[in-house]
Structure formats: structure tokens, C-alpha cells
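Participant: Sharing final_10.pdb below, PDB, C-alpha atoms:
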```pdb
ATOM      1  CA  MET Z  15      64.086 -42.556 -69.997
ATOM      2  CA  ARG Z  16      66.144 -45.217 -68.332
ATOM      3  CA  ILE Z  17      65.279 -44.168 -64.804
ATOM      4  CA  LYS Z  18      61.598 -44.181 -65.779
ATOM      5  CA  THR Z  19      61.894 -47.823 -66.945
ATOM      6  CA  TYR Z  20      63.564 -48.899 -63.699
ATOM      7  CA  GLY Z  21      60.866 -47.087 -61.761
ATOM      8  CA  TRP Z  22      58.140 -49.017 -63.573
ATOM      9  CA  MET Z  23      59.926 -52.305 -62.961
ATOM     10  CA  LEU Z  24      60.172 -51.591 -59.272
ATOM     11  CA  ILE Z  25      56.467 -50.761 -59.137
ATOM     12  CA  VAL Z  26      55.611 -54.017 -60.967
ATOM     13  CA  ALA Z  27      57.777 -56.005 -58.561
ATOM     14  CA  LEU Z  28      56.172 -54.360 -55.549
ATOM     15  CA  MET Z  29      52.700 -55.036 -56.957
ATOM     16  CA  LEU Z  30      53.548 -58.710 -57.473
ATOM     17  CA  LEU Z  31      54.720 -58.891 -53.894
ATOM     18  CA  ALA Z  32      51.651 -57.063 -52.610
ATOM     19  CA  GLY Z  33      49.425 -59.583 -54.399
ATOM     20  CA  CYS Z  34      50.475 -62.397 -52.077
ATOM     21  CA  ALA Z  35      50.721 -60.540 -48.838
ATOM     22  CA  THR Z  36      47.303 -60.404 -47.164
ATOM     23  CA  GLN Z  37      47.566 -62.098 -43.783
ATOM     24  CA  ASP Z  38      44.131 -63.738 -43.553
ATOM     25  CA  SER Z  39      44.316 -65.233 -47.045
ATOM     26  CA  HIS Z  40      46.821 -67.827 -45.757
ATOM     27  CA  VAL Z  41      44.463 -69.343 -43.164
ATOM     28  CA  LEU Z  42      42.603 -71.581 -45.606
ATOM     29  CA  ALA Z  43      45.026 -71.284 -48.529
ATOM     30  CA  GLY Z  44      46.052 -74.274 -50.638
ATOM     31  CA  GLY Z  45      44.077 -77.495 -50.819
ATOM     32  CA  SER Z  46      42.985 -77.203 -54.424
ATOM     33  CA  ALA Z  47      46.059 -78.679 -56.047
ATOM     34  CA  VAL Z  48      45.232 -82.202 -57.223
ATOM     35  CA  GLU Z  49      48.711 -82.453 -58.741
ATOM     36  CA  LEU Z  50      50.357 -81.658 -55.400
ATOM     37  CA  ARG Z  51      48.334 -84.390 -53.686
ATOM     38  CA  SER Z  52      49.287 -86.909 -56.345
ATOM     39  CA  PHE Z  53      53.037 -86.449 -55.942
ATOM     40  CA  GLN Z  54      52.753 -86.390 -52.170
ATOM     41  CA  THR Z  55      50.942 -89.758 -52.158
ATOM     42  CA  ARG Z  56      51.930 -93.376 -52.863
ATOM     43  CA  VAL Z  57      49.960 -96.597 -52.540
ATOM     44  CA  PHE Z  58      51.397 -99.822 -51.117
ATOM     45  CA  ASP Z  59      49.996-103.376 -51.365
ATOM     46  CA  THR Z  60      49.782-104.020 -47.625
ATOM     47  CA  THR Z  61      47.230-103.438 -44.863
ATOM     48  CA  ASP Z  62      49.766-103.474 -42.019
ATOM     49  CA  LYS Z  63      49.401 -99.870 -40.851
ATOM     50  CA  HIS Z  64      51.460-100.462 -37.694
ATOM     51  CA  LYS Z  65      54.438-101.743 -39.695
ATOM     52  CA  MET Z  66      54.097 -98.896 -42.200
ATOM     53  CA  LEU Z  67      54.183 -96.343 -39.360
ATOM     54  CA  ARG Z  68      57.207 -97.967 -37.711
ATOM     55  CA  THR Z  69      59.015 -98.092 -41.043
ATOM     56  CA  THR Z  70      58.149 -94.437 -41.701
ATOM     57  CA  ILE Z  71      59.630 -93.527 -38.312
ATOM     58  CA  ALA Z  72      62.783 -95.554 -39.077
ATOM     59  CA  VAL Z  73      63.180 -93.877 -42.487
ATOM     60  CA  LEU Z  74      62.712 -90.424 -40.973
ATOM     61  CA  GLN Z  75      65.378 -91.256 -38.390
ATOM     62  CA  ASP Z  76      67.685 -92.447 -41.195
ATOM     63  CA  LEU Z  77      67.184 -89.020 -42.784
ATOM     64  CA  SER Z  78      68.199 -87.300 -39.465
ATOM     65  CA  PHE Z  79      64.680 -86.343 -38.398
ATOM     66  CA  VAL Z  80      63.576 -86.156 -34.780
ATOM     67  CA  ILE Z  81      60.005 -87.410 -34.250
ATOM     68  CA  ASP Z  82      57.741 -84.643 -32.897
ATOM     69  CA  LYS Z  83      54.365 -86.354 -32.808
ATOM     70  CA  THR Z  84      52.782 -89.739 -33.438
ATOM     71  CA  ASP Z  85      49.197 -91.016 -33.421
ATOM     72  CA  GLU Z  86      48.586 -94.591 -34.440
ATOM     73  CA  ASP Z  87      44.770 -94.273 -34.603
ATOM     74  CA  LEU Z  88      45.063 -91.416 -37.071
ATOM     75  CA  GLY Z  89      48.080 -93.036 -38.761
ATOM     76  CA  LEU Z  90      50.129 -89.899 -38.254
ATOM     77  CA  VAL Z  91      53.834 -89.149 -37.793
ATOM     78  CA  THR Z  92      55.404 -85.676 -37.716
ATOM     79  CA  GLY Z  93      59.154 -85.053 -37.592
ATOM     80  CA  THR Z  94      61.687 -82.226 -37.833
ATOM     81  CA  LYS Z  95      65.087 -82.160 -39.523
ATOM     82  CA  LEU Z  96      67.648 -79.514 -38.580
ATOM     83  CA  SER Z  97      70.700 -79.316 -40.800
ATOM     84  CA  GLY Z  98      71.462 -75.662 -41.393
ATOM     85  CA  TYR Z  99      67.837 -75.509 -42.546
ATOM     86  CA  GLN Z 100      64.611 -76.762 -41.032
ATOM     87  CA  ILE Z 101      62.260 -79.284 -42.622
ATOM     88  CA  ARG Z 102      59.056 -80.328 -40.904
ATOM     89  CA  MET Z 103      57.229 -83.252 -42.394
ATOM     90  CA  THR Z 104      53.900 -84.920 -41.652
ATOM     91  CA  VAL Z 105      53.162 -88.420 -42.959
ATOM     92  CA  ILE Z 106      49.637 -89.837 -42.839
ATOM     93  CA  VAL Z 107      48.947 -93.544 -43.460
ATOM     94  CA  ARG Z 108      45.347 -94.426 -44.337
ATOM     95  CA  PRO Z 109      43.702 -97.642 -45.550
ATOM     96  CA  ARG Z 110      42.816 -97.525 -49.248
ATOM     97  CA  GLY Z 111      40.144-100.132 -50.006
ATOM     98  CA  ASP Z 112      40.598-103.553 -48.354
ATOM     99  CA  LYS Z 113      44.042-104.433 -49.597
ATOM    100  CA  GLN Z 114      46.123-101.264 -49.720
ATOM    101  CA  LEU Z 115      47.496 -98.378 -47.722
ATOM    102  CA  ALA Z 116      47.837 -94.820 -49.008
ATOM    103  CA  VAL Z 117      50.781 -92.879 -47.597
ATOM    104  CA  ARG Z 118      50.767 -89.103 -47.944
ATOM    105  CA  ALA Z 119      53.704 -86.915 -46.994
ATOM    106  CA  SER Z 120      53.722 -83.125 -46.809
ATOM    107  CA  ALA Z 121      56.703 -81.048 -45.816
ATOM    108  CA  ILE Z 122      57.654 -77.475 -44.980
ATOM    109  CA  TYR Z 123      61.142 -76.171 -45.823
ATOM    110  CA  ASN Z 124      61.970 -73.339 -43.422
ATOM    111  CA  ASN Z 125      58.559 -71.673 -43.630
ATOM    112  CA  GLU Z 126      57.608 -72.599 -47.193
ATOM    113  CA  PRO Z 127      55.575 -75.663 -48.219
ATOM    114  CA  ILE Z 128      57.598 -77.970 -50.494
ATOM    115  CA  GLU Z 129      55.763 -78.133 -53.823
ATOM    116  CA  ASP Z 130      58.556 -79.712 -55.851
ATOM    117  CA  PRO Z 131      57.951 -83.441 -56.623
ATOM    118  CA  MET Z 132      61.600 -84.531 -56.239
ATOM    119  CA  PRO Z 133      61.949 -84.410 -52.422
ATOM    120  CA  TYR Z 134      58.771 -86.503 -52.094
ATOM    121  CA  GLN Z 135      60.054 -88.962 -54.710
ATOM    122  CA  ASP Z 136      63.307 -89.315 -52.717
ATOM    123  CA  PHE Z 137      61.362 -89.910 -49.504
ATOM    124  CA  PHE Z 138      59.187 -92.623 -51.066
ATOM    125  CA  THR Z 139      62.256 -94.284 -52.599
ATOM    126  CA  ALA Z 140      63.716 -94.545 -49.083
ATOM    127  CA  LEU Z 141      60.370 -95.792 -47.696
ATOM    128  CA  GLU Z 142      60.120 -98.455 -50.434
ATOM    129  CA  LYS Z 143      63.529 -99.789 -49.437
ATOM    130  CA  GLY Z 144      62.529 -99.819 -45.765
ATOM    131  CA  ILE Z 145      59.244-101.683 -46.224
ATOM    132  CA  PHE Z 146      60.413-103.957 -49.093
ATOM    133  CA  LEU Z 147      57.345-103.052 -51.190
ATOM    134  CA  THR Z 148      56.845-101.015 -54.347
ATOM    135  CA  ALA Z 149      55.388 -97.534 -53.990
ATOM    136  CA  GLN Z 150      52.697 -97.039 -56.634
ATOM    137  CA  LYS Z 151      51.609 -93.655 -57.872
ATOM    138  CA  ILE Z 152      47.917 -92.821 -57.700
ATOM    139  CA  ASP Z 153      45.920 -91.776 -60.768
TER     140      ASP Z 153
ATOM    141  CA  MET S  22      70.766 -55.833 -64.930
ATOM    142  CA  PRO S  23      67.585 -54.151 -63.602
ATOM    143  CA  LEU S  24      65.609 -57.049 -65.094
ATOM    144  CA  LEU S  25      67.771 -59.467 -63.098
ATOM    145  CA  PHE S  26      67.048 -57.379 -60.008
ATOM    146  CA  VAL S  27      63.323 -57.652 -60.614
ATOM    147  CA  CYS S  28      63.562 -61.432 -61.175
ATOM    148  CA  LEU S  29      65.472 -61.915 -57.941
ATOM    149  CA  PHE S  30      62.941 -59.754 -56.163
ATOM    150  CA  VAL S  31      60.015 -61.855 -57.358
ATOM    151  CA  LEU S  32      61.779 -65.181 -56.802
ATOM    152  CA  SER S  33      63.100 -64.422 -53.359
ATOM    153  CA  GLY S  34      59.952 -65.930 -51.807
ATOM    154  CA  CYS S  35      60.612 -69.413 -53.214
ATOM    155  CA  ALA S  36      63.876 -70.640 -51.667
ATOM    156  CA  SER S  37      64.743 -74.059 -53.043
ATOM    157  CA  ILE S  38      65.333 -77.078 -50.862
ATOM    158  CA  PRO S  39      68.770 -78.774 -50.866
ATOM    159  CA  LYS S  40      68.798 -81.734 -53.276
ATOM    160  CA  ASP S  41      70.061 -84.222 -50.690
ATOM    161  CA  ALA S  42      67.520 -83.358 -47.958
ATOM    162  CA  PHE S  43      65.525 -86.581 -48.482
ATOM    163  CA  LYS S  44      68.333 -88.760 -49.831
ATOM    164  CA  LEU S  45      70.057 -91.290 -47.609
ATOM    165  CA  SER S  46      73.607 -90.084 -47.097
ATOM    166  CA  THR S  47      76.586 -92.319 -47.870
ATOM    167  CA  THR S  48      77.269 -92.587 -44.137
ATOM    168  CA  SER S  49      73.661 -93.371 -43.167
ATOM    169  CA  LEU S  50      74.365 -97.059 -42.444
ATOM    170  CA  GLU S  51      77.361 -96.158 -40.308
ATOM    171  CA  ASP S  52      75.376 -93.435 -38.522
ATOM    172  CA  ARG S  53      72.615 -95.939 -37.782
ATOM    173  CA  GLN S  54      75.136 -98.321 -36.206
ATOM    174  CA  LEU S  55      76.649 -95.589 -34.052
ATOM    175  CA  GLN S  56      73.226 -94.376 -32.932
ATOM    176  CA  SER S  57      71.789 -97.836 -32.148
ATOM    177  CA  ARG S  58      72.135-100.518 -29.470
ATOM    178  CA  LYS S  59      70.432-103.884 -29.141
ATOM    179  CA  PHE S  60      68.628-104.830 -25.916
ATOM    180  CA  SER S  61      67.406-108.378 -25.329
ATOM    181  CA  THR S  62      63.798-107.492 -24.571
ATOM    182  CA  LEU S  63      60.652-106.720 -26.553
ATOM    183  CA  ASP S  64      59.239-104.718 -23.653
ATOM    184  CA  ASN S  65      58.799-101.255 -25.206
ATOM    185  CA  ALA S  66      57.296 -99.849 -22.015
ATOM    186  CA  LEU S  67      60.324-100.901 -19.965
ATOM    187  CA  LEU S  68      62.820 -99.383 -22.412
ATOM    188  CA  LEU S  69      60.852 -96.171 -22.895
ATOM    189  CA  SER S  70      60.071 -95.574 -19.223
ATOM    190  CA  SER S  71      63.725 -96.208 -18.367
ATOM    191  CA  GLY S  72      64.704 -93.845 -21.190
ATOM    192  CA  ALA S  73      62.298 -91.225 -19.822
ATOM    193  CA  SER S  74      63.797 -91.431 -16.333
ATOM    194  CA  VAL S  75      67.354 -91.229 -17.716
ATOM    195  CA  LEU S  76      66.353 -88.107 -19.678
ATOM    196  CA  GLN S  77      64.578 -86.656 -16.642
ATOM    197  CA  ASP S  78      67.791 -87.107 -14.635
ATOM    198  CA  MET S  79      69.544 -84.907 -17.204
ATOM    199  CA  GLY S  80      66.898 -82.171 -16.994
ATOM    200  CA  TYR S  81      64.881 -83.018 -20.109
ATOM    201  CA  THR S  82      61.108 -82.778 -20.297
ATOM    202  CA  ILE S  83      59.184 -85.311 -22.378
ATOM    203  CA  ASP S  84      57.479 -83.855 -25.467
ATOM    204  CA  GLU S  85      56.107 -87.018 -27.073
ATOM    205  CA  SER S  86      55.768 -90.679 -26.184
ATOM    206  CA  ASN S  87      54.126 -93.653 -27.873
ATOM    207  CA  VAL S  88      54.673 -97.161 -26.467
ATOM    208  CA  ASP S  89      53.058 -99.035 -29.385
ATOM    209  CA  LEU S  90      55.211 -97.266 -31.956
ATOM    210  CA  GLY S  91      58.244 -97.164 -29.628
ATOM    211  CA  VAL S  92      58.864 -93.398 -29.723
ATOM    212  CA  LEU S  93      60.066 -91.011 -27.010
ATOM    213  CA  THR S  94      61.075 -87.383 -27.663
ATOM    214  CA  ALA S  95      62.413 -84.989 -25.036
ATOM    215  CA  SER S  96      63.946 -81.536 -24.971
ATOM    216  CA  LYS S  97      65.754 -79.079 -22.716
ATOM    217  CA  LYS S  98      67.187 -75.598 -22.847
ATOM    218  CA  ALA S  99      70.820 -75.224 -21.891
ATOM    219  CA  ASP S 100      73.668 -72.762 -21.908
ATOM    220  CA  ALA S 101      75.553 -72.515 -25.217
ATOM    221  CA  THR S 102      78.347 -70.092 -24.400
ATOM    222  CA  ASP S 103      81.675 -71.085 -25.883
ATOM    223  CA  ALA S 104      84.808 -69.593 -24.264
ATOM    224  CA  GLY S 105      86.821 -69.658 -27.512
ATOM    225  CA  GLN S 106      84.074 -67.863 -29.405
ATOM    226  CA  ILE S 107      83.836 -65.132 -26.735
ATOM    227  CA  VAL S 108      87.626 -64.568 -26.867
ATOM    228  CA  GLY S 109      87.331 -64.228 -30.649
ATOM    229  CA  ALA S 110      84.473 -61.734 -30.332
ATOM    230  CA  VAL S 111      86.356 -59.646 -27.766
ATOM    231  CA  VAL S 112      89.490 -59.532 -29.945
ATOM    232  CA  LEU S 113      87.384 -58.510 -32.958
ATOM    233  CA  ALA S 114      85.614 -55.828 -30.887
ATOM    234  CA  LEU S 115      88.989 -54.425 -29.745
ATOM    235  CA  LEU S 116      90.359 -54.380 -33.289
ATOM    236  CA  THR S 117      87.341 -53.096 -35.204
ATOM    237  CA  GLY S 118      85.057 -51.620 -32.551
ATOM    238  CA  SER S 119      82.107 -53.728 -33.770
ATOM    239  CA  VAL S 120      80.418 -56.108 -31.352
ATOM    240  CA  MET S 121      79.814 -59.562 -32.771
ATOM    241  CA  PRO S 122      77.036 -61.661 -31.210
ATOM    242  CA  THR S 123      78.161 -64.987 -29.692
ATOM    243  CA  ASP S 124      76.269 -68.212 -28.944
ATOM    244  CA  ASP S 125      74.160 -67.854 -25.823
ATOM    245  CA  GLU S 126      71.471 -70.503 -25.379
ATOM    246  CA  GLN S 127      70.533 -73.805 -26.989
ATOM    247  CA  LYS S 128      67.512 -76.071 -27.126
ATOM    248  CA  ILE S 129      68.496 -79.732 -27.387
ATOM    249  CA  ARG S 130      66.069 -82.422 -28.571
ATOM    250  CA  ILE S 131      66.656 -86.151 -28.173
ATOM    251  CA  CYS S 132      64.522 -88.770 -29.890
ATOM    252  CA  LEU S 133      64.604 -92.442 -28.839
ATOM    253  CA  VAL S 134      63.018 -94.932 -31.244
ATOM    254  CA  LEU S 135      62.608 -98.697 -30.739
ATOM    255  CA  GLN S 136      62.356-101.216 -33.568
ATOM    256  CA  GLU S 137      62.211-105.000 -33.446
ATOM    257  CA  ALA S 138      65.625-106.435 -34.316
ATOM    258  CA  LEU S 139      65.513-107.852 -37.849
ATOM    259  CA  GLU S 140      67.602-110.965 -37.339
ATOM    260  CA  ASP S 141      66.579-111.663 -33.730
ATOM    261  CA  SER S 142      62.879-111.730 -32.799
ATOM    262  CA  THR S 143      63.564-111.543 -29.047
ATOM    263  CA  SER S 144      65.484-108.246 -29.115
ATOM    264  CA  SER S 145      64.765-104.568 -29.719
ATOM    265  CA  VAL S 146      67.027-102.057 -31.364
ATOM    266  CA  ALA S 147      67.018 -98.657 -29.663
ATOM    267  CA  ARG S 148      68.223 -95.701 -31.719
ATOM    268  CA  ILE S 149      68.733 -92.079 -30.692
ATOM    269  CA  THR S 150      68.998 -88.937 -32.779
ATOM    270  CA  ILE S 151      69.915 -85.561 -31.300
ATOM    271  CA  GLN S 152      69.493 -82.068 -32.708
ATOM    272  CA  ARG S 153      69.687 -78.494 -31.463
ATOM    273  CA  VAL S 154      68.845 -74.857 -32.125
ATOM    274  CA  ILE S 155      71.374 -72.271 -30.916
ATOM    275  CA  TRP S 156      70.455 -68.671 -30.170
ATOM    276  CA  ASN S 157      73.038 -65.887 -30.000
ATOM    277  CA  THR S 158      73.379 -63.068 -27.479
ATOM    278  CA  GLN S 159      71.044 -60.908 -29.610
ATOM    279  CA  GLY S 160      68.277 -63.506 -29.365
ATOM    280  CA  GLN S 161      68.562 -64.544 -33.024
ATOM    281  CA  ILE S 162      68.841 -68.145 -34.200
ATOM    282  CA  ALA S 163      72.543 -68.682 -34.884
ATOM    283  CA  ARG S 164      72.493 -72.340 -36.004
ATOM    284  CA  VAL S 165      70.191 -75.331 -36.392
ATOM    285  CA  GLU S 166      71.917 -78.700 -36.619
ATOM    286  CA  SER S 167      71.980 -82.415 -35.894
ATOM    287  CA  ILE S 168      74.493 -83.493 -33.270
ATOM    288  CA  ASN S 169      76.640 -86.384 -34.479
ATOM    289  CA  ALA S 170      78.753 -87.385 -31.504
ATOM    290  CA  PRO S 171      79.390 -91.108 -30.959
ATOM    291  CA  GLU S 172      80.642 -90.470 -27.406
ATOM    292  CA  LEU S 173      77.264 -88.913 -26.501
ATOM    293  CA  TYR S 174      75.400 -91.922 -27.933
ATOM    294  CA  GLN S 175      77.675 -94.251 -25.967
ATOM    295  CA  ALA S 176      77.142 -92.326 -22.717
ATOM    296  CA  PHE S 177      73.372 -92.285 -23.208
ATOM    297  CA  PHE S 178      73.173 -96.028 -23.822
ATOM    298  CA  GLU S 179      75.365 -96.729 -20.784
ATOM    299  CA  LYS S 180      72.839 -94.851 -18.656
ATOM    300  CA  LEU S 181      69.928 -96.651 -20.360
ATOM    301  CA  SER S 182      71.639 -99.982 -19.789
ATOM    302  CA  LYS S 183      72.027 -99.253 -16.068
ATOM    303  CA  ALA S 184      68.410 -98.121 -15.771
ATOM    304  CA  THR S 185      67.024-101.263 -17.454
ATOM    305  CA  PHE S 186      69.531-103.742 -15.934
ATOM    306  CA  LEU S 187      70.056-104.956 -19.509
ATOM    307  CA  GLU S 188      73.173-105.002 -21.610
ATOM    308  CA  ALA S 189      73.402-102.564 -24.515
ATOM    309  CA  ASN S 190      74.987-104.439 -27.424
ATOM    310  CA  GLN S 191      76.429-102.981 -30.605
ATOM    311  CA  ILE S 192      74.447-103.887 -33.712
TER     312      ILE S 192
END
```
Go through the file and emit its structure as C-alpha cells.

Facilitator:
Amino acid sequence: MRIKTYGWMLIVALMLLAGCATQDSHVLAGGSAVELRSFQTRVFDTTDKHKMLRTTIAVLQDLSFVIDKTDEDLGLVTGTKLSGYQIRMTVIVRPRGDKQLAVRASAIYNNEPIEDPMPYQDFFTALEKGIFLTAQKID
Amino acid sequence: MPLLFVCLFVLSGCASIPKDAFKLSTTSLEDRQLQSRKFSTLDNALLLSSGASVLQDMGYTIDESNVDLGVLTASKKADATDAGQIVGAVVLALLTGSVMPTDDEQKIRICLVLQEALEDSTSSVARITIQRVIWNTQGQIARVESINAPELYQAFFEKLSKATFLEANQI
């Protein structure tokens, strides 16, 4: 009886694992989570994209990141942190209306996307201090 | 117990990120000072091209550069064998018969970032951060880490100072 129960549990576990394992399904996966976008994004009352990018780079360096890629036209900065683990983060700064900038950060921890709001909150707290402006959440 | 096993099995895909990964550490101000020097110029191109040639001298190749944002990133592969570690591995192999992999090769990345000095509008602050990945003799990643070594920062800025004919001042 007992062995039968364990057997079923193992099968259930394997089925759960099998459910997320097709290789092609990852190509265009994600992108539907409005909630994820909202905690990855903050709005600042400034239009100085150049300063926002330089501050982002400074904050990433404060957090021990090395900058991998930058593109001012696209408002993009990507960096990597190595500290027993690997975090790769991309920050994109875009104008929002005439008076604001929207800053969106997305990060990968080892090979998993970070979907927990806290790391993003910590990053924006550091960015707020660097740019001397308040980071506002979007609706 | 089996239920716990199943839970672990299902959860194993979602490793959680360390809580302090995006928090400024208590030594972050001190680290910034050690990693930074002030140069009395606002010429990003001069500082970055000098930085690039200093890095080239040491065998680095440039991965990313952006004069407007003041960013230069370079990397190189280098030997990572450590005599002490090999002695340890040999002793262990003699005692137990099992061969332990030792550090073999590393990839080092250096990032140089320029910012305008806050209190002095005629100077730039240059800051470097260094990190590396170490592979062992079995080709597996043994360690990934940031390198915090004030003597390396000092040596780098001495070279940069010579290349730019400008003094590198502590901030």
C-alpha cells in the first residue's frame, strides 16, 4: 500500500516536470504578465535620459556589476554580477509622455528569470538615491 | 517524508535569489573609494582610449565601449593554476586515491566607468570593477566572483595615469 502511494507521487512529480520541459515552448514564452511588468518598472519626473543612464551604470557598479552592453539611442544598459552566483540585468530607459522617464529592469538569476518583486524594489531604491528623485510605481 | 521529497522535486526549478543581491553593502562607499580615482579632465575619449591601450598592453580584448556614457569593458582568458591547491589535490589523491579537480583557467573581465565629479565640474571620476569565472581541470565552472584587490586597482590607475599624462587622485 505504502509503496504504491510513493509510486503515484513520483509519477505526479515527473508529470509536473514534464509539463514544463518542451524546448521550443521557451522561445516566445513569457510576456503576458502585466504584474511582472509593473514591478519591474518605475517612473521618474525627469526627461534627462543621459543622466538616468549614467546613474543606472553607477548604481550597477555600486552593486558589483560589470557593464556588458550600452546603447544610448535605445536607452539600454546590460550588466553582469558574479558573486558565487550570476545575475544578468537589462535596464531600459524610455520617455513616458513629455515630462517623465520610465525605467524598466529585468534580471536573470543563474538561468532563471527573477519574478520576485523584492530584488527590483531594492534596485529602484538604490537608483532613487543615485538620481535624487522619487521612483513612482505605474498603475 | 515522501511528500517532502515530492515538494523538493517540484520546487527545485525555482532557486531563490540571495536577499542582499540588489542591496548596497555596508562597505559599498569604501569599495567605491578604493575603486575610483579622479582625473582633471572631462575628455571621456582621452581617458577611455588610454584605458583601452593599457588593457591591450595586458592582453585584454575590448568587449564594449561607449564614449558618451563613459563605459569600457574588456576581458581576457588566463591561467588559474594555484600551486598550493595542486599540492593539496596530490596529497588527497595519495591518501584517498580519488582525484580532485583543481583550478585551471580563468576569464577576467574589467569594466572602466567614467562619471563627472560631483563637487568639481572640471574633473572626471574613473572607477573600475573586476570579476572572473574560474574553470577547473575537468572543464567545469569552479567559481564566479568579483575581485576586490586594492593593490590591483592602484596598479591599474598608475598605468592609466602614465598613459594619459594626468595625475590619478584619490577621491

Participant: Could you write out as a ChimeraX atom specification the residues that the PyMOL selection byres ((chain S) within 8 of (chain Z)) matches in the shown file?

Facilitator: /S:23-24,27,30-31,35-36,38,40,42-46,49,53,84-87,90,92,94,130-132,134,136,150-153,164-167

Participant: In Å, rounded to a single decimal, give me how far CA of Glu188 in chain S is from CA of Ile129 in chain S.

Facilitator: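 Taking CA of Ile129 in chain S and CA of Glu188 in chain S, their separation equals 26.3 Å.
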
Participant: On this structure, the PyMOL selection byres ((chain S and resi 168-180) around 9) would catch which residues? List them as a list in words, sorted by chain and number.

Facilitator: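 On the file shown, the PyMOL selection byres ((chain S and resi 168-180) around 9) covers Asp52, Leu55, Gln56, Ser57, Arg58, Gly72, Val75, Leu76, Ala147, Arg148, Ile149, Thr150, Ile151, Gln152, Arg153, Glu166, Ser167, Leu181, Ser182, Lys183, Ala184, Thr185, Glu188 and Ala189 of chain S.
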
Participant: Care to translate the PyMOL selection byres ((chain Z and resi 59) around 7) into actual residues of this file, as a ChimeraX atom specification?

Facilitator: /Z:57-58,60,113-115

Participant: Output, as lines of an AutoDock Vina configuration file, the centre and edge lengths in Å (one decimal) of the axis-aligned box that contains all listed atoms of range 38-54 of chain S with 5 Å of margin on each side.

Facilitator:
```
center_x = 71.3
center_y = -87.7
center_z = -44.7
size_x = 22.0
size_y = 31.2
size_z = 27.1
```

Participant: By how many Å are CA of Gln77 in chain S and CA of Ser142 in chain S apart?

Facilitator: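 Interatomic distance, CA of Gln77 in chain S to CA of Ser142 in chain S: 29.9 Å.
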
Participant: Just give me the gap between CA of Arg118 in chain Z and CA of Glu49 in chain Z in Å, one decimal is fine.

Facilitator: 12.8 Å

Participant: Select all residues near (52.2, -88.3, -42.7) (cut-off 7 Å, inclusive, file coordinates), counting only C-alpha atoms, and output them as a list in words.

Facilitator: Leu90, Val91, Thr92, Thr104, Val105, Ile106, Val107, Val117, Arg118, Ala119 and Ser120 of chain Z

Participant: Complete the atom set of range 38-49 of chain Z to N, CA and C atoms and return it as a short mmCIF file (atom, residue, chain, number, x, y, z; two decimals), keeping the file's coordinate frame.

Facilitator:
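Result file rebuild-v5.cif:
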```
data_model
loop_
_atom_site.label_atom_id
_atom_site.label_comp_id
_atom_site.auth_asym_id
_atom_site.auth_seq_id
_atom_site.Cartn_x
_atom_site.Cartn_y
_atom_site.Cartn_z
N ASP Z 38 45.21 -62.78 -43.76
CA ASP Z 38 44.13 -63.74 -43.55
C ASP Z 38 44.01 -64.74 -44.70
N SER Z 39 44.49 -64.35 -45.89
CA SER Z 39 44.32 -65.23 -47.04
C SER Z 39 45.04 -66.55 -46.86
N HIS Z 40 46.04 -66.60 -45.94
CA HIS Z 40 46.82 -67.83 -45.76
C HIS Z 40 46.12 -68.86 -44.90
N VAL Z 41 45.09 -68.43 -44.14
CA VAL Z 41 44.46 -69.34 -43.16
C VAL Z 41 43.94 -70.60 -43.84
N LEU Z 42 43.17 -70.42 -44.92
CA LEU Z 42 42.60 -71.58 -45.61
C LEU Z 42 43.19 -71.74 -47.00
N ALA Z 43 44.41 -71.23 -47.20
CA ALA Z 43 45.03 -71.28 -48.53
C ALA Z 43 45.41 -72.71 -48.89
N GLY Z 44 45.64 -72.95 -50.17
CA GLY Z 44 46.05 -74.27 -50.64
C GLY Z 44 44.87 -75.21 -50.69
N GLY Z 45 45.13 -76.50 -50.87
CA GLY Z 45 44.08 -77.50 -50.82
C GLY Z 45 43.41 -77.78 -52.13
N SER Z 46 43.66 -76.96 -53.16
CA SER Z 46 42.98 -77.20 -54.42
C SER Z 46 43.86 -77.98 -55.40
N ALA Z 47 45.14 -78.11 -55.08
CA ALA Z 47 46.06 -78.68 -56.05
C ALA Z 47 46.01 -80.21 -56.07
N VAL Z 48 45.33 -80.74 -57.06
CA VAL Z 48 45.23 -82.20 -57.22
C VAL Z 48 46.61 -82.77 -57.54
N GLU Z 49 47.38 -82.02 -58.33
CA GLU Z 49 48.71 -82.45 -58.74
C GLU Z 49 49.63 -82.61 -57.53
#
```
